[in-house]
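Since the structure comes first, as C-alpha cells, the remarks are kept for the end.
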Amino acid sequence: MHIKRPKDFWAGLMFIGFGLFTVIWSLTHYQMGTAVRMGPGYFPVLLGGLLAVLGAAVFAESLLTAPPADSTPLQLPFNIVDMAIFIAVFAVCVWIAHAAGVSPDYGMLAGAAITSVLAILYRPNAQALVLLSAACVAYGYLMKPLGLVAATVALVFVSAFGGHEFKWKEVTILTVVLLVMSVVVFVKGLTLPFPICPQFVELCPIR
Amino acid sequence: MEAIFGNLIIGFGEVFRLQTITLPLIGAVPIPFNIFMCLVGALLGTLIGVLPGIGPVATIAMLLPITFNLNPTGALIMLAGIYYGAQYGGSTTAILVNLPGESSSVVTCLDGYQMARRGRAGPALAIAALGSFFAGCVATLIIAFAAPPLAEVALKFGPAEYFSLMVLGLVAATVLAHGSLIKAIAMVIFGLLLGIIGTDVNSGVLRFTFDIPELSDGIGFVVVAMGMFGTAEIIGNLELKENREIFTAKVSHLFPTKDDFKRAWAPVLRGTALGSALGILPGGGALLASFGAYTLEKKISKHPEQFGKGAIEGVAAPESANNAGAQTSFIPMLTLGIPGNAVMALMIGALMIQGIAPGPQVMNDKPQLFWGLIASMWVGNLMLVVLNLPLIGMWIKLLTVPYRYLYPSILVFMAIGVYSLSNNAFDVLIMAVFGILGYICVKLECEPAPMILGFILGPLMEENLRRAMLLSRGDPFVFISPSKPISLGFLIASAILLVIVALPTIRKKRDEAFAAEET
C-alpha cells in the first residue's frame, strides 16, 4: 500500500507504539485498582489506551487521505535502521563496560564517540543532530572523572564540528572564553560544586 | 479599589526595599536587591529576545537552578522580567532581520521588516517599544484588579473543579497548536504519560523507572524543556543555511511622526485589550495574542492591502498584544496555581524550589511576594523602554555575531544548568534524548508545546482525578453533575472549543491563519 502522508504514518506508529507499551507494561506490573480507589496502573492504562487509539486514527489517515496541498515532504537525515544501530551502539558499549567491571559511564562516552564517527563518515546530513547530542552526553559523563575543563572543551569542539564551518583558531578562542566564564560565573560566583580539574591532578591551579 | 492601591503600595515597597547583601571584598552593603534583579531579568530577556534560536523557556529553565540561592521575590521578579523582556527584544530582530527573535514576534516580521526596508526602522522600533510599554502598564493594572477576586473563587475549588480546569487548559493548548488536531491531542497524552514516570505518590510504587535510580523522582521538567525547546531548536537552526540581510546600517530618526502616532494609537489599544484577554486563557500567552491582534487589525482596517507592505498598524497591534498577553498569563498561575504555558510552568517550578506551594493561598500568605512581583512588572516595563530605545545600537551589534559562535555558547550554558540540577550526568543524557525526540517531533509535524503542558499537568491531573473519584465514591459523573457548576462549566467550554475547531469551515480559517503567520 502506498503511504500518502509519511509524516502522519511515522507519527501514528510512534503513538501506537508508546500507547501499547504503556498499557501492556502497566497491566503486567502495576495494580489497576477500582474507580473509587485507583491503583498505580489505572491512569496509565487509561491514557495509554487513548494514545494508541489516537495513533491508530493518525495512522489510518496517513494511508487513506491525500496530504494537504501545501505540505512539505518529510525529510529526515536518517532512517529507522540507523536509529536502531544508534541505540544498539550505546547498549553494547554500556554492556561491555559493565562486563569489564568499569563504570557504565565510560560505556556512554564510548557510545557517543562511536556514533559521532559513524555520523561523520556515513550520514553527513545527520551530523548536526548526532554531534550536538553526543557533545551534551560527553559533557555530562566527562564532568565527574575529568572535571569542568575537559568537559567544556569536549562540548564546544564536538558541537562546533557539527556546524557548517569549523576553524580551529576560532573554536579554541571560543572555548577559552566560555571556560573562563564558566569558572568565574558558575563555579566561583554561584559556587556550583563542579570539579575543575581531573581527579588525578593533585595540584590544580584553580581550586 | 482602595485595597488594590494599598496592595500596590506594598508591592512597590517590596520592589524598592533595601536588602543587606554580603558581597565578596566589599562586605555587607544595603542595596535595593529586587530592583537589581528586575534589571537583570529585563536585560537578559532583551538579550535572548534579540538572539534568534533561544527563547524565554530555555533561558528560564537554565536559570532555574540558580534561583535556589536567591530570595523568592527576587527570583520571581527576575524570571518574569525575562519573559516580558523577550517580547521587547524579539521585535528588534523581527524588524531589522526579518527573523523572529522570539516566537511571539513572528507576525511583526511581516510589516516591521517592510518598514525597515523603506528606511523607517526607527519609527517601527519606537512604536513597538512604546506600544509594548503601554500594554505592559495596562496589563499590570489588570492583574492587580483581576487576581484577588479570582483567587477568592479559586479557594472554593475542589479536586473535581481543578481536574476540569486542567482539561480546559489542555484542550486550549491543542486548539492553539498548528496542524492536525488529533496529533496535538496525542502529544498532550504523550506528555501526561511522561509525567507519570517516577514514584506514585499514593502507593509509593515506582512507575516506568526500569530500575534506573535516577528516574525514581521522575524526569525533571527543566530537562525536558531544555531538550525539546533548546537543543532541538539549535539542531533545527543548524540545518538551515545562514541567510540574513540586516538593516543595521543606520537606525536614524527614531521618533515616529505625528501621522504614525495617529495611525498607531487605536491598534495599540485594541492589541492591548485582545492580548490581555487571550493571555488569561489557559494555553494562551504571548504567541497567540500577537497573532490574533494582527489578524484583527487586518480585518477591520480600511486599507488591508497595505498590510505586509509596511503598515505601522501591523507592528503596533501585535507588539502591544504580545506584551499584554505575556503579563496576563501570570493570572492563572498566580491565582489558581495552574500554568497556562511552558514559561508559567517554570515559574511554578521556581516557587516550588523556594518551598512555596503555588495556588490561591499565595496571595494571602505571601502578599509581599505577590504584589512585589506585580509592581516589578511595571518597573520592568519602564526599564525596558529605556533599554530598547536609547540603547538600541547595542542590541543591533549583537545581531552581527555569527550563529557558529552563539550555539556552542548556548549549549555550554544549558549543559551547566542541567548538570547542576542534581550534579548528575543522567540529566544531561535525558536532555540529549529529548533533544533528538523534539527534533523528530518537529519533522513529523507534532507540536512540542502541548506535550510540555501535558507533562507539567500530568501528576496534578492524576492526583485530582483520584481524589475526586474517591470523594464521589467512583461516580464518574461527578465532573458534570449540577452540584458542581464550575466543573461542569469548564468541561462544557472544553467541549465547545473542540467542536468549534473540528468544524470544517473554522478549521480551514485556522489553517489559513497559521499559513499567513508562516509566510
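Ordering of the C-alpha cells sets the chain letters (A, B, ...); residue numbers start at 1 within each chain; ligands are numbered from 1 in the order shown.
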Show which residues sit within 9 Å of Leu63 of chain A, as a ChimeraX atom specification. Count only C-alpha atoms, and ignore same-chain residues fewer than 6 positions away. /A:1-6,8-9
Just N, CA and C atoms for this one: save the residues we selected as a CSV table (one decimal), in the first residue's frame.
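Result saved to out39.csv:
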```
chain,number,residue,atom,x,y,z
A,1,MET,N,0.8,-1.2,0.0
A,1,MET,CA,0.0,0.0,0.0
A,1,MET,C,0.9,1.2,0.0
A,2,HIS,N,0.4,2.2,-0.8
A,2,HIS,CA,1.2,3.5,-0.9
A,2,HIS,C,0.9,4.4,0.3
A,3,ILE,N,2.0,4.9,0.9
A,3,ILE,CA,1.8,5.8,2.1
A,3,ILE,C,1.6,7.2,1.5
A,4,LYS,N,0.4,7.7,1.8
A,4,LYS,CA,0.1,9.1,1.3
A,4,LYS,C,0.7,10.2,2.1
A,5,ARG,N,0.7,10.0,3.4
A,5,ARG,CA,1.3,11.0,4.3
A,5,ARG,C,2.4,10.4,5.2
A,6,PRO,N,3.6,10.4,4.7
A,6,PRO,CA,4.7,9.8,5.5
A,6,PRO,C,4.8,10.4,6.9
A,8,ASP,N,2.5,11.6,8.9
A,8,ASP,CA,1.4,11.0,9.8
A,8,ASP,C,1.7,9.5,10.0
A,9,PHE,N,2.2,8.9,9.0
A,9,PHE,CA,2.5,7.4,9.1
A,9,PHE,C,3.4,7.1,10.3
```
Output the contact residues of chain B with respect to chain A at a cut-off of 6 Å, based on only C-alpha atoms, as a PDB file with N, CA and C atoms, in the first residue's frame.
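Contents of selection-v8.pdb, as written:
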```pdb
ATOM      1  N   ALA B 186      -2.851  13.798  20.844  1.00  0.00           N
ATOM      2  CA  ALA B 186      -1.956  12.668  21.129  1.00  0.00           C
ATOM      3  C   ALA B 186      -0.692  13.155  21.833  1.00  0.00           C
ATOM      4  N   ILE B 235      19.578  22.408  16.751  1.00  0.00           N
ATOM      5  CA  ILE B 235      19.836  21.458  15.663  1.00  0.00           C
ATOM      6  C   ILE B 235      19.050  21.861  14.425  1.00  0.00           C
ATOM      7  N   PRO B 408      27.427  27.066  20.304  1.00  0.00           N
ATOM      8  CA  PRO B 408      28.175  26.325  21.324  1.00  0.00           C
ATOM      9  C   PRO B 408      28.075  26.995  22.695  1.00  0.00           C
ATOM     10  N   ALA B 425      25.183  13.201  35.586  1.00  0.00           N
ATOM     11  CA  ALA B 425      25.285  13.138  34.130  1.00  0.00           C
ATOM     12  C   ALA B 425      23.987  12.649  33.509  1.00  0.00           C
ATOM     13  N   VAL B 428      21.808  15.262  31.906  1.00  0.00           N
ATOM     14  CA  VAL B 428      22.305  15.764  30.625  1.00  0.00           C
ATOM     15  C   VAL B 428      21.972  14.765  29.519  1.00  0.00           C
ATOM     16  N   LEU B 429      22.077  13.478  29.841  1.00  0.00           N
ATOM     17  CA  LEU B 429      21.718  12.440  28.876  1.00  0.00           C
ATOM     18  C   LEU B 429      20.249  12.568  28.482  1.00  0.00           C
ATOM     19  N   ALA B 432      19.694  15.341  26.122  1.00  0.00           N
ATOM     20  CA  ALA B 432      20.079  14.998  24.750  1.00  0.00           C
ATOM     21  C   ALA B 432      19.004  14.127  24.097  1.00  0.00           C
ATOM     22  N   LEU B 444       8.028  15.497  12.136  1.00  0.00           N
ATOM     23  CA  LEU B 444       6.769  14.793  11.900  1.00  0.00           C
ATOM     24  C   LEU B 444       5.567  15.711  12.102  1.00  0.00           C
ATOM     25  N   MET B 469     -12.624  11.104  42.431  1.00  0.00           N
ATOM     26  CA  MET B 469     -13.315   9.826  42.327  1.00  0.00           C
ATOM     27  C   MET B 469     -13.499   9.191  43.701  1.00  0.00           C
ATOM     28  N   LEU B 470     -12.526   9.411  44.561  1.00  0.00           N
ATOM     29  CA  LEU B 470     -12.630   8.859  45.917  1.00  0.00           C
ATOM     30  C   LEU B 470     -13.780   9.537  46.662  1.00  0.00           C
ATOM     31  N   ARG B 473     -17.168   8.459  45.476  1.00  0.00           N
ATOM     32  CA  ARG B 473     -17.321   7.001  45.531  1.00  0.00           C
ATOM     33  C   ARG B 473     -17.382   6.362  44.155  1.00  0.00           C
ATOM     34  N   GLY B 474     -16.495   6.800  43.277  1.00  0.00           N
ATOM     35  CA  GLY B 474     -16.361   6.140  41.983  1.00  0.00           C
ATOM     36  C   GLY B 474     -17.387   6.560  40.952  1.00  0.00           C
TER      37      GLY B 474
END
```
Could you list, as JSON, numbers by chain, every residue within 7 Å of segment 77-87 of chain B, counting only C-alpha atoms and ignoring same-chain residues fewer than 6 positions away? {"B": [37, 38, 40, 41, 42, 44, 45, 46, 48, 49, 56, 60, 102, 322, 323, 326, 327, 373, 376, 380, 384]}
How many Å separate atom CA of Ala342 of chain B from atom CA of Leu165 of chain B?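 Rounded to one decimal, the two atoms are 16.7 Å apart.
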Check segment 366-402 of chain B with DSSP on the backbone and list each residue it calls alpha helix (DSSP H), as a ChimeraX atom specification. /B:367-388,392-399
With distances taken over only C-alpha atoms, which of B:Leu287, B:Ala28, B:Met451, B:Ala493 is nearest to Gly438 of chain B?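 For Gly438 of chain B, the nearest of the candidates is B:Met451.
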Show which residues sit within 10 Å of Ile4 of chain B, as a ChimeraX atom specification. Count only C-alpha atoms, and ignore same-chain residues fewer than 2 positions away. /B:1-2,6-10,141,144-145,148,371
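With distances restricted to only C-alpha atoms, B:Val106 is the closest residue to Gly292 of chain B from B:Leu47, B:Val106, B:Gly393, B:Ile353.
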